[in-house]
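Raw input-v4.tsv, TSV, C-alpha atoms:
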```tsv
chain	number	residue	atom	x	y	z
A	1	MET	CA	-106.21	-182.60	-104.02
A	2	ALA	CA	-103.45	-184.87	-105.29
A	3	ALA	CA	-105.75	-186.12	-108.05
A	4	VAL	CA	-106.58	-182.56	-109.08
A	5	ALA	CA	-102.89	-181.62	-109.17
A	6	GLU	CA	-102.06	-184.70	-111.20
A	7	GLY	CA	-104.86	-183.91	-113.65
A	8	SER	CA	-103.62	-180.33	-114.05
A	9	HIS	CA	-100.06	-181.58	-114.64
A	10	GLY	CA	-101.28	-183.99	-117.35
A	11	ALA	CA	-103.26	-181.26	-119.08
A	12	ALA	CA	-100.21	-178.99	-119.09
A	13	GLN	CA	-98.07	-181.74	-120.62
A	14	ALA	CA	-100.70	-182.38	-123.30
A	15	ALA	CA	-100.88	-178.67	-124.15
A	16	SER	CA	-97.08	-178.48	-124.33
A	17	SER	CA	-96.95	-181.50	-126.64
A	18	ALA	CA	-99.65	-180.03	-128.87
A	19	ALA	CA	-97.76	-176.72	-129.09
A	20	ALA	CA	-94.52	-178.52	-129.97
A	21	ALA	CA	-96.29	-180.57	-132.65
A	22	ALA	CA	-97.85	-177.41	-134.12
A	23	ALA	CA	-94.45	-175.68	-134.18
A	24	ALA	CA	-92.86	-178.70	-135.88
A	25	ALA	CA	-95.63	-178.83	-138.48
A	26	LYS	CA	-95.24	-175.09	-139.15
A	27	GLU	CA	-91.47	-175.47	-139.56
A	28	ALA	CA	-91.94	-178.40	-141.94
A	29	GLU	CA	-94.41	-176.40	-144.03
A	30	TYR	CA	-91.97	-173.47	-144.12
A	31	GLN	CA	-89.10	-175.69	-145.28
A	32	LYS	CA	-91.37	-177.19	-147.95
A	33	ASP	CA	-92.27	-173.70	-149.25
A	34	VAL	CA	-88.58	-172.72	-149.30
A	35	GLN	CA	-87.70	-175.86	-151.28
A	36	LYS	CA	-90.47	-175.08	-153.79
A	37	LEU	CA	-89.04	-171.59	-154.22
A	38	VAL	CA	-85.52	-172.98	-154.70
A	39	ASP	CA	-86.78	-175.46	-157.30
A	40	LEU	CA	-88.60	-172.68	-159.15
A	41	LEU	CA	-85.62	-170.33	-159.16
A	42	SER	CA	-83.31	-173.09	-160.36
A	43	LYS	CA	-85.29	-173.25	-163.60
A	44	LEU	CA	-85.05	-169.54	-164.34
A	45	ASN	CA	-83.54	-168.58	-167.64
A	46	PRO	CA	-80.40	-166.45	-166.99
A	47	ALA	CA	-81.78	-163.94	-169.50
A	48	ALA	CA	-84.76	-163.32	-167.21
A	49	LYS	CA	-82.64	-162.26	-164.27
A	50	GLU	CA	-82.33	-158.66	-163.48
A	51	PHE	CA	-78.78	-157.36	-163.95
A	52	VAL	CA	-77.48	-154.84	-161.50
A	53	PRO	CA	-74.29	-153.11	-162.78
A	54	SER	CA	-71.37	-152.77	-160.40
A	55	SER	CA	-71.53	-149.00	-160.79
A	56	ALA	CA	-74.95	-149.04	-159.08
A	57	ALA	CA	-73.58	-150.70	-155.95
A	58	ALA	CA	-73.73	-148.57	-152.85
A	59	ALA	CA	-70.48	-146.69	-152.32
A	60	PRO	CA	-68.86	-146.95	-148.88
A	61	SER	CA	-69.92	-144.17	-146.58
A	62	ARG	CA	-67.40	-141.50	-145.73
A	63	LYS	CA	-67.56	-139.23	-142.71
A	64	ALA	CA	-66.36	-135.67	-143.16
A	65	LEU	CA	-64.92	-133.51	-140.39
A	66	SER	CA	-67.52	-131.64	-138.37
A	67	ALA	CA	-67.69	-127.93	-139.02
A	68	ASP	CA	-67.56	-127.22	-135.31
A	69	ALA	CA	-64.72	-129.64	-134.51
A	70	PRO	CA	-62.78	-128.43	-131.46
A	71	VAL	CA	-59.27	-127.05	-131.85
A	72	PHE	CA	-56.69	-129.44	-130.43
A	73	ASP	CA	-54.21	-127.71	-128.15
A	74	TYR	CA	-50.80	-129.18	-128.95
A	75	GLY	CA	-49.31	-127.17	-126.15
A	76	LEU	CA	-50.68	-129.70	-123.70
A	77	ILE	CA	-48.35	-132.38	-125.12
A	78	GLY	CA	-44.59	-131.99	-124.85
A	79	GLY	CA	-44.86	-128.21	-124.43
A	80	GLY	CA	-42.16	-126.11	-122.81
A	81	GLY	CA	-42.56	-123.36	-120.33
A	82	ASN	CA	-44.12	-119.96	-120.96
A	83	GLY	CA	-46.90	-121.53	-123.08
A	84	GLY	CA	-44.38	-123.09	-125.46
A	85	SER	CA	-45.42	-125.73	-128.01
A	86	PHE	CA	-43.47	-128.27	-130.09
A	87	GLY	CA	-40.40	-127.35	-128.05
A	88	TYR	CA	-40.42	-123.72	-129.24
A	89	PRO	CA	-40.45	-121.34	-126.28
A	90	GLY	CA	-42.96	-118.56	-126.47
A	91	ALA	CA	-45.01	-120.12	-129.34
A	92	ASP	CA	-48.80	-119.74	-129.21
A	93	ALA	CA	-50.03	-123.31	-128.79
A	94	GLY	CA	-53.65	-122.54	-129.66
A	95	TYR	CA	-52.68	-120.68	-132.82
A	96	ILE	CA	-50.33	-123.45	-134.00
A	97	GLY	CA	-52.92	-126.14	-133.29
A	98	ASN	CA	-55.60	-124.20	-135.18
A	99	GLN	CA	-53.36	-123.66	-138.19
A	100	HIS	CA	-52.40	-127.34	-138.21
A	101	GLN	CA	-56.03	-128.44	-138.08
A	102	GLN	CA	-56.97	-126.13	-140.95
A	103	ARG	CA	-54.18	-127.60	-143.08
A	104	MET	CA	-55.44	-131.11	-142.23
A	105	ARG	CA	-58.97	-130.13	-143.22
A	106	ARG	CA	-57.81	-128.74	-146.56
A	107	THR	CA	-55.81	-131.91	-147.21
A	108	TYR	CA	-58.81	-134.09	-146.33
A	109	VAL	CA	-61.13	-132.11	-148.59
A	110	ASP	CA	-58.65	-132.29	-151.48
A	111	ASN	CA	-58.30	-136.07	-151.05
A	112	GLU	CA	-62.07	-136.56	-150.94
A	113	ARG	CA	-62.52	-134.42	-154.02
A	114	ARG	CA	-59.97	-136.53	-155.88
A	115	ASN	CA	-61.72	-139.71	-154.71
A	116	GLY	CA	-65.04	-138.49	-156.07
A	117	TYR	CA	-66.67	-137.92	-152.68
A	118	PHE	CA	-68.44	-134.78	-153.86
A	119	SER	CA	-69.99	-136.69	-156.75
A	120	HIS	CA	-71.66	-139.18	-154.40
A	121	GLY	CA	-74.75	-137.01	-154.20
A	122	ARG	CA	-75.12	-137.13	-157.97
A	123	ARG	CA	-74.55	-140.90	-157.90
A	124	ARG	CA	-77.25	-141.36	-155.28
A	125	THR	CA	-79.62	-139.31	-157.43
A	126	ASN	CA	-78.87	-141.50	-160.47
A	127	GLU	CA	-79.33	-144.63	-158.35
A	128	ARG	CA	-82.75	-143.43	-157.19
A	129	ALA	CA	-83.71	-142.74	-160.80
A	130	ARG	CA	-82.63	-146.24	-161.85
A	131	ARG	CA	-84.54	-147.76	-158.95
A	132	GLY	CA	-87.62	-145.79	-159.98
A	133	ASP	CA	-87.35	-147.03	-163.57
A	134	ARG	CA	-86.96	-150.61	-162.35
A	135	GLU	CA	-90.03	-150.36	-160.10
A	136	ASP	CA	-92.02	-148.84	-162.97
A	137	SER	CA	-90.98	-151.76	-165.21
A	138	ILE	CA	-92.11	-154.26	-162.56
A	139	ARG	CA	-95.54	-152.62	-162.33
A	140	ARG	CA	-95.89	-153.00	-166.12
A	141	THR	CA	-94.93	-156.71	-166.08
A	142	VAL	CA	-97.03	-159.84	-165.45
A	143	TYR	CA	-95.96	-163.37	-164.59
A	144	VAL	CA	-97.60	-166.19	-166.58
A	145	SER	CA	-97.34	-169.75	-165.24
A	146	GLU	CA	-98.75	-173.16	-166.19
A	147	LEU	CA	-97.73	-172.39	-169.79
A	148	ASP	CA	-97.92	-175.22	-172.31
A	149	HIS	CA	-94.49	-176.05	-173.78
A	150	THR	CA	-95.90	-175.79	-177.33
A	151	VAL	CA	-96.65	-172.06	-176.92
A	152	THR	CA	-93.99	-169.79	-178.45
A	153	GLU	CA	-93.03	-166.27	-177.42
A	154	GLU	CA	-94.53	-164.87	-180.63
A	155	ARG	CA	-97.90	-166.55	-180.04
A	156	LEU	CA	-97.96	-165.52	-176.38
A	157	ALA	CA	-97.18	-161.90	-177.26
A	158	ASP	CA	-99.93	-161.88	-179.92
A	159	ILE	CA	-102.52	-163.12	-177.40
A	160	PHE	CA	-101.60	-160.59	-174.71
A	161	ALA	CA	-101.32	-157.76	-177.26
A	162	ASN	CA	-105.11	-157.47	-176.97
A	163	CYS	CA	-104.55	-156.02	-173.47
A	164	GLY	CA	-102.02	-153.41	-174.56
A	165	GLN	CA	-98.75	-152.88	-176.38
A	166	VAL	CA	-96.28	-155.65	-175.47
A	167	VAL	CA	-92.75	-154.34	-174.94
A	168	ASP	CA	-91.07	-157.70	-174.24
A	169	CYS	CA	-91.99	-161.34	-173.77
A	170	ARG	CA	-89.71	-164.02	-172.27
A	171	ILE	CA	-90.53	-167.71	-171.84
A	172	CYS	CA	-88.41	-169.46	-169.19
A	173	GLY	CA	-88.05	-172.93	-167.74
A	174	ASP	CA	-86.91	-176.36	-168.84
A	175	PRO	CA	-87.68	-176.69	-172.58
A	176	HIS	CA	-88.38	-180.41	-172.05
A	177	SER	CA	-90.90	-179.81	-169.25
A	178	VAL	CA	-94.61	-180.00	-170.03
A	179	LEU	CA	-95.24	-176.63	-168.39
A	180	ARG	CA	-93.14	-173.47	-168.40
A	181	PHE	CA	-93.57	-169.85	-167.31
A	182	ALA	CA	-93.11	-166.42	-168.88
A	183	PHE	CA	-92.76	-162.71	-168.16
A	184	ILE	CA	-94.63	-160.16	-170.30
A	185	GLU	CA	-93.90	-156.44	-170.07
A	186	PHE	CA	-96.39	-153.86	-171.35
A	187	SER	CA	-95.89	-150.24	-172.28
A	188	SER	CA	-98.32	-149.12	-169.56
A	189	GLU	CA	-99.65	-150.27	-166.20
A	190	GLU	CA	-103.16	-150.42	-167.67
A	191	GLY	CA	-102.04	-153.15	-170.07
A	192	ALA	CA	-100.60	-155.19	-167.21
A	193	ARG	CA	-103.80	-154.83	-165.17
A	194	ALA	CA	-105.91	-155.86	-168.16
A	195	ALA	CA	-103.68	-158.92	-168.70
A	196	LEU	CA	-104.60	-160.23	-165.25
A	197	ASN	CA	-108.09	-160.93	-166.62
A	198	LEU	CA	-106.63	-163.54	-169.00
A	199	GLY	CA	-105.95	-165.90	-166.12
A	200	GLY	CA	-107.66	-169.21	-166.85
A	201	THR	CA	-107.37	-168.83	-170.64
A	202	MET	CA	-106.64	-172.12	-172.39
A	203	LEU	CA	-103.30	-171.98	-174.21
A	204	GLY	CA	-102.48	-175.35	-175.66
A	205	PHE	CA	-103.83	-177.99	-173.29
A	206	TYR	CA	-103.65	-176.05	-170.02
A	207	PRO	CA	-105.25	-172.91	-168.54
A	208	VAL	CA	-102.64	-170.28	-167.72
A	209	ARG	CA	-102.28	-168.36	-164.48
A	210	VAL	CA	-101.53	-164.64	-164.71
A	211	LEU	CA	-100.18	-162.73	-161.70
A	212	PRO	CA	-98.42	-159.40	-161.12
A	213	SER	CA	-94.67	-159.89	-161.55
A	214	LYS	CA	-92.21	-159.36	-158.73
A	215	THR	CA	-89.24	-158.85	-161.04
A	216	ALA	CA	-88.39	-156.91	-164.18
A	217	ILE	CA	-87.24	-158.36	-167.48
A	218	LEU	CA	-83.58	-157.81	-168.27
A	219	PRO	CA	-83.60	-155.57	-171.36
A	220	VAL	CA	-81.40	-156.53	-174.28
A	221	ASN	CA	-78.62	-154.03	-174.89
A	222	PRO	CA	-79.90	-151.89	-177.80
A	223	ARG	CA	-76.41	-151.90	-179.32
A	224	PHE	CA	-76.76	-155.65	-179.94
A	225	LEU	CA	-80.25	-155.62	-181.47
A	226	PRO	CA	-80.58	-156.01	-185.27
A	227	THR	CA	-80.76	-152.66	-187.04
A	228	THR	CA	-80.75	-153.66	-190.71
A	229	ASP	CA	-82.66	-156.19	-192.81
A	230	GLU	CA	-79.45	-158.16	-193.18
A	231	GLU	CA	-79.00	-158.42	-189.41
A	232	LYS	CA	-82.67	-159.38	-188.93
A	233	GLU	CA	-82.14	-162.19	-191.42
A	234	MET	CA	-79.03	-163.22	-189.45
A	235	VAL	CA	-81.11	-163.45	-186.26
A	236	MET	CA	-83.44	-165.95	-187.93
A	237	ARG	CA	-80.41	-168.19	-188.52
A	238	THR	CA	-78.98	-167.82	-184.99
A	239	VAL	CA	-79.59	-169.71	-181.74
A	240	TYR	CA	-78.59	-168.87	-178.16
A	241	CYS	CA	-77.07	-171.70	-176.10
A	242	THR	CA	-76.56	-171.83	-172.32
A	243	ASN	CA	-75.32	-174.32	-169.72
A	244	ILE	CA	-72.25	-175.20	-171.78
A	245	ASP	CA	-69.51	-177.17	-170.05
A	246	LYS	CA	-66.39	-175.03	-169.47
A	247	LYS	CA	-64.19	-177.82	-170.81
A	248	VAL	CA	-65.95	-177.63	-174.19
A	249	THR	CA	-64.07	-175.71	-176.89
A	250	GLN	CA	-65.44	-173.59	-179.71
A	251	LEU	CA	-64.55	-176.36	-182.15
A	252	ASP	CA	-66.52	-178.86	-180.04
A	253	VAL	CA	-69.62	-176.65	-180.19
A	254	LYS	CA	-69.28	-176.21	-183.94
A	255	CYS	CA	-68.87	-179.95	-184.59
A	256	PHE	CA	-71.81	-180.74	-182.30
A	257	PHE	CA	-74.26	-178.55	-184.23
A	258	GLU	CA	-72.89	-179.24	-187.72
A	259	GLU	CA	-73.25	-182.98	-187.18
A	260	LEU	CA	-76.89	-182.68	-186.04
A	261	CYS	CA	-78.23	-179.58	-187.78
A	262	GLY	CA	-76.17	-178.18	-190.63
A	263	GLU	CA	-73.28	-175.92	-191.57
A	264	VAL	CA	-72.32	-173.22	-189.06
A	265	SER	CA	-71.28	-169.87	-190.53
A	266	ARG	CA	-70.32	-167.99	-187.34
A	267	LEU	CA	-69.99	-168.87	-183.66
A	268	ARG	CA	-69.20	-167.06	-180.40
A	269	LEU	CA	-68.34	-168.97	-177.19
A	270	LEU	CA	-68.39	-166.70	-174.12
A	271	GLY	CA	-67.61	-167.20	-170.44
A	272	ASP	CA	-65.82	-165.81	-167.39
A	273	ASN	CA	-64.23	-166.86	-164.12
A	274	VAL	CA	-67.40	-166.20	-162.09
A	275	HIS	CA	-69.98	-168.51	-163.68
A	276	SER	CA	-69.55	-172.28	-163.72
A	277	THR	CA	-70.85	-172.64	-167.31
A	278	ARG	CA	-70.53	-170.76	-170.59
A	279	ILE	CA	-72.89	-169.43	-173.28
A	280	SER	CA	-72.69	-169.40	-177.05
A	281	PHE	CA	-74.30	-167.79	-180.09
A	282	VAL	CA	-74.39	-170.07	-183.13
A	283	GLU	CA	-75.26	-168.75	-186.59
A	284	PHE	CA	-76.09	-171.26	-189.31
A	285	VAL	CA	-75.93	-170.91	-193.07
A	286	ASN	CA	-79.63	-171.81	-193.40
A	287	ALA	CA	-82.59	-170.89	-191.19
A	288	GLU	CA	-83.80	-174.51	-191.33
A	289	SER	CA	-80.64	-175.54	-189.46
A	290	ALA	CA	-81.44	-173.06	-186.67
A	291	ILE	CA	-84.90	-174.61	-186.31
A	292	LEU	CA	-83.36	-178.08	-186.07
A	293	ALA	CA	-80.91	-176.78	-183.45
A	294	LEU	CA	-83.82	-175.96	-181.12
A	295	ASN	CA	-84.51	-179.70	-180.90
A	296	CYS	CA	-80.99	-180.21	-179.53
A	297	SER	CA	-81.94	-178.58	-176.25
A	298	GLY	CA	-81.33	-181.08	-173.47
A	299	MET	CA	-78.71	-183.08	-175.36
A	300	ILE	CA	-75.37	-183.66	-173.65
A	301	LEU	CA	-72.53	-181.44	-174.85
A	302	GLY	CA	-69.41	-182.32	-172.92
A	303	THR	CA	-70.80	-183.37	-169.55
A	304	LEU	CA	-73.85	-181.06	-169.31
A	305	PRO	CA	-77.21	-180.81	-171.12
A	306	VAL	CA	-77.10	-177.77	-173.37
A	307	ARG	CA	-80.10	-175.40	-173.51
A	308	VAL	CA	-80.94	-173.92	-176.92
A	309	SER	CA	-83.36	-171.08	-177.64
A	310	PRO	CA	-83.89	-168.57	-180.47
A	311	SER	CA	-81.47	-165.66	-180.34
A	312	LYS	CA	-82.65	-162.07	-180.13
A	313	THR	CA	-79.36	-160.67	-181.41
A	314	PRO	CA	-77.16	-161.43	-184.42
A	315	VAL	CA	-73.57	-162.61	-184.19
A	316	LYS	CA	-71.77	-159.55	-185.47
A	317	PRO	CA	-68.33	-160.01	-187.04
A	318	ARG	CA	-65.34	-159.09	-184.93
A	319	VAL	CA	-63.76	-155.71	-185.56
A	320	ASN	CA	-59.98	-155.86	-185.90
A	321	ARG	CA	-58.29	-153.42	-183.57
A	322	VAL	CA	-55.88	-150.94	-185.12
A	323	VAL	CA	-52.51	-150.95	-183.39
A	324	TYR	CA	-50.76	-147.60	-183.27
A	325	ASN	CA	-46.99	-147.46	-182.93
```
Could I get this structure in the form of structure tokens?
Amino acid sequence: MAAVAEGSHGAAQAASSAAAAAAAAKEAEYQKDVQKLVDLLSKLNPAAKEFVPSSAAAAPSRKALSADAPVFDYGLIGGGGNGGSFGYPGADAGYIGNQHQQRMRRTYVDNERRNGYFSHGRRRTNERARRGDREDSIRRTVYVSELDHTVTEERLADIFANCGQVVDCRICGDPHSVLRFAFIEFSSEEGARAALNLGGTMLGFYPVRVLPSKTAILPVNPRFLPTTDEEKEMVMRTVYCTNIDKKVTQLDVKCFFEELCGEVSRLRLLGDNVHSTRISFVEFVNAESAILALNCSGMILGTLPVRVSPSKTPVKPRVNRVVYN
């Protein structure tokens, strides 16, 4: 009997050890998958992130008074004799309490109306509409990975245009990496479904993978897009730069590109107190200089490697504000 008990105890220990090893292996695999996801997201182009305006954030919930709220009898607190209330003999406590509560209700309703409480329903409706548009955009978008670094957005859009009308095409990732990834949005869901059949197509030296996208492409503000032939020509001479050191000045950026590429005609250096780096739009005098500027991606500007890509918008001249006395 002792031998049987000892054998059972050993089997239980072995099973427990095997379960612990399996749990450890599962945890290690999970951490590995998380690290892969972190590495992938760290290479995302900021322009490919979906922007959620602050106005779309959920407003704090407010609780209104119940329609059947009980009437508080103030006569029960500090009341005098003969049903007195508030120290006034002979006053009707129930009537005074009811009148006081009605005044409080009217004050509450007025305050909520001033605070926009009654417009929350309309805001929720608009938020649902925006969410619906975003989900529709995701259904019309595909994710392309294993993309050769020699493939441009124009060439990629031309290839996938055979599946349907391409609304937008964004290539993301490290410009000095051999492989990158892209998001392609179509005008219809049929185009996105047809694009899935292009998985395995050789583009450059590698076959691409095409999957349904889980995110939408951030649309460019239409107010910033070129509207005239002159502005379209300006876009051809403009590059978009990211990951710029905050200590770098506008003059530093101008000198950097003029020394390596050519004369700069207009430049905008933008940033805020939230992000750790800044962005810039650089317009050159000649389009050839803008092409040379693309080769500067990865070079150190300040203390960080700058990323350079073609701009989709022109650098419009500043409008002087009119000061009224």
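You can rank A:Ala287, A:Ala14, A:Ala216, A:Leu198 by their closest distance to Val264 (chain A) using only C-alpha atoms, and at the top of that list sits A:Ala287.
The coordinates place CA of Lys214 (chain A) at 8.0 Å from CA of Tyr143 (chain A).
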Proximity to Lys312 (chain A) - best of A:Asn286, A:Thr227, A:Asn273, A:Gln250, all atoms listed in the file: A:Thr227
Neighbours of Tyr240 (chain A) within 6 Å (only C-alpha atoms; same-chain residues fewer than 5 positions away dropped), as a PDB file with C-alpha atoms, keeping the file's coordinate frame?
```pdb
ATOM      1  CA  PHE A 281     -74.300-167.790-180.090  1.00  0.00           C
ATOM      2  CA  VAL A 308     -80.940-173.920-176.920  1.00  0.00           C
ATOM      3  CA  SER A 309     -83.360-171.080-177.640  1.00  0.00           C
ATOM      4  CA  PRO A 310     -83.890-168.570-180.470  1.00  0.00           C
ATOM      5  CA  SER A 311     -81.470-165.660-180.340  1.00  0.00           C
TER       6      SER A 311
END
```
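We find CA of Ile244 (chain A) and CA of Thr277 (chain A) to be spaced 5.3 Å apart.
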Shell around Arg237 (chain A) at 7 Å using all atoms listed in the file, local window under 3 positions removed, as an MDAnalysis selection string: chainID A and resid 233:234 283:287 290
Take the selection from the previous step and output its residues with C-alpha atoms, as an mmCIF file, keeping the file's coordinate frame.
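Below is the file that was written, again05.cif:
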```cif
data_model
loop_
_atom_site.group_PDB
_atom_site.id
_atom_site.type_symbol
_atom_site.label_atom_id
_atom_site.label_comp_id
_atom_site.auth_asym_id
_atom_site.auth_seq_id
_atom_site.Cartn_x
_atom_site.Cartn_y
_atom_site.Cartn_z
ATOM 1 C CA GLU A 233 -82.140 -162.190 -191.420
ATOM 2 C CA MET A 234 -79.030 -163.220 -189.450
ATOM 3 C CA GLU A 283 -75.260 -168.750 -186.590
ATOM 4 C CA PHE A 284 -76.090 -171.260 -189.310
ATOM 5 C CA VAL A 285 -75.930 -170.910 -193.070
ATOM 6 C CA ASN A 286 -79.630 -171.810 -193.400
ATOM 7 C CA ALA A 287 -82.590 -170.890 -191.190
ATOM 8 C CA ALA A 290 -81.440 -173.060 -186.670
#
```
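Closest approach to Gln165 (chain A) among A:Ala192, A:Val34, A:Leu267, A:Val274 is made by A:Ala192 (distances from only C-alpha atoms).
From CA of Ile184 (chain A) back to CA of Thr152 (chain A), the distance works out to 12.6 Å.
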Hey, can you pull every residue with an atom no more than 9 Å from (-102.4, -166.9, -171.8), using all atoms listed in the file, and send it as a short mmCIF file (atom, residue, chain, number, x, y, z; two decimals) with C-alpha atoms, in the frame of the given file?
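After the write, selection_23.cif holds the following:
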```cif
data_model
loop_
_atom_site.label_atom_id
_atom_site.label_comp_id
_atom_site.auth_asym_id
_atom_site.auth_seq_id
_atom_site.Cartn_x
_atom_site.Cartn_y
_atom_site.Cartn_z
CA VAL A 144 -97.60 -166.19 -166.58
CA SER A 145 -97.34 -169.75 -165.24
CA LEU A 147 -97.73 -172.39 -169.79
CA LEU A 156 -97.96 -165.52 -176.38
CA ILE A 159 -102.52 -163.12 -177.40
CA PHE A 160 -101.60 -160.59 -174.71
CA ALA A 195 -103.68 -158.92 -168.70
CA LEU A 198 -106.63 -163.54 -169.00
CA GLY A 199 -105.95 -165.90 -166.12
CA GLY A 200 -107.66 -169.21 -166.85
CA THR A 201 -107.37 -168.83 -170.64
CA MET A 202 -106.64 -172.12 -172.39
CA LEU A 203 -103.30 -171.98 -174.21
CA PRO A 207 -105.25 -172.91 -168.54
CA VAL A 208 -102.64 -170.28 -167.72
CA ARG A 209 -102.28 -168.36 -164.48
CA VAL A 210 -101.53 -164.64 -164.71
#
```
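Using only C-alpha atoms, the shortest contact distance between Val166 (chain A) and any of A:Gly132, A:Gly204, A:Gly191, A:Gly302 is found at A:Gly191.
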Pick from A:Val315, A:Val306, A:Val142, A:Leu37, whichever lies nearest to Glu231 (chain A) using all atoms listed in the file: A:Val315
Contact residues around Arg170 (chain A) with all atoms listed in the file at 8 Å, ignoring same-chain residues under 4 positions, as a list of chain:residue names: A:Ala48, A:Glu153, A:Ala182, A:Phe183, A:Ile184, A:Ile217
Just the selected residues (C-alpha atoms), exported as a CSV table (one decimal), keeping the file's coordinate frame, please.
```
chain,number,residue,atom,x,y,z
A,48,ALA,CA,-84.8,-163.3,-167.2
A,153,GLU,CA,-93.0,-166.3,-177.4
A,182,ALA,CA,-93.1,-166.4,-168.9
A,183,PHE,CA,-92.8,-162.7,-168.2
A,184,ILE,CA,-94.6,-160.2,-170.3
A,217,ILE,CA,-87.2,-158.4,-167.5
```
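With distances taken over all atoms listed in the file, A:Thr141 is the one residue among A:Thr313, A:Thr141, A:Ser289, A:Ser276 lying closest to Ala194 (chain A).
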Shell of 12 Å around Thr249 (chain A), only C-alpha atoms, local chain residues under 3 positions omitted, as a ChimeraX atom specification: /A:244-246,252-256,267-271,278-280,301-302
Output of the above residues as a PDB file, in the coordinates of the input, restricted to C-alpha atoms:
```
ATOM      1  CA  ILE A 244     -72.250-175.200-171.780  1.00  0.00           C
ATOM      2  CA  ASP A 245     -69.510-177.170-170.050  1.00  0.00           C
ATOM      3  CA  LYS A 246     -66.390-175.030-169.470  1.00  0.00           C
ATOM      4  CA  ASP A 252     -66.520-178.860-180.040  1.00  0.00           C
ATOM      5  CA  VAL A 253     -69.620-176.650-180.190  1.00  0.00           C
ATOM      6  CA  LYS A 254     -69.280-176.210-183.940  1.00  0.00           C
ATOM      7  CA  CYS A 255     -68.870-179.950-184.590  1.00  0.00           C
ATOM      8  CA  PHE A 256     -71.810-180.740-182.300  1.00  0.00           C
ATOM      9  CA  LEU A 267     -69.990-168.870-183.660  1.00  0.00           C
ATOM     10  CA  ARG A 268     -69.200-167.060-180.400  1.00  0.00           C
ATOM     11  CA  LEU A 269     -68.340-168.970-177.190  1.00  0.00           C
ATOM     12  CA  LEU A 270     -68.390-166.700-174.120  1.00  0.00           C
ATOM     13  CA  GLY A 271     -67.610-167.200-170.440  1.00  0.00           C
ATOM     14  CA  ARG A 278     -70.530-170.760-170.590  1.00  0.00           C
ATOM     15  CA  ILE A 279     -72.890-169.430-173.280  1.00  0.00           C
ATOM     16  CA  SER A 280     -72.690-169.400-177.050  1.00  0.00           C
ATOM     17  CA  LEU A 301     -72.530-181.440-174.850  1.00  0.00           C
ATOM     18  CA  GLY A 302     -69.410-182.320-172.920  1.00  0.00           C
TER      19      GLY A 302
END
```
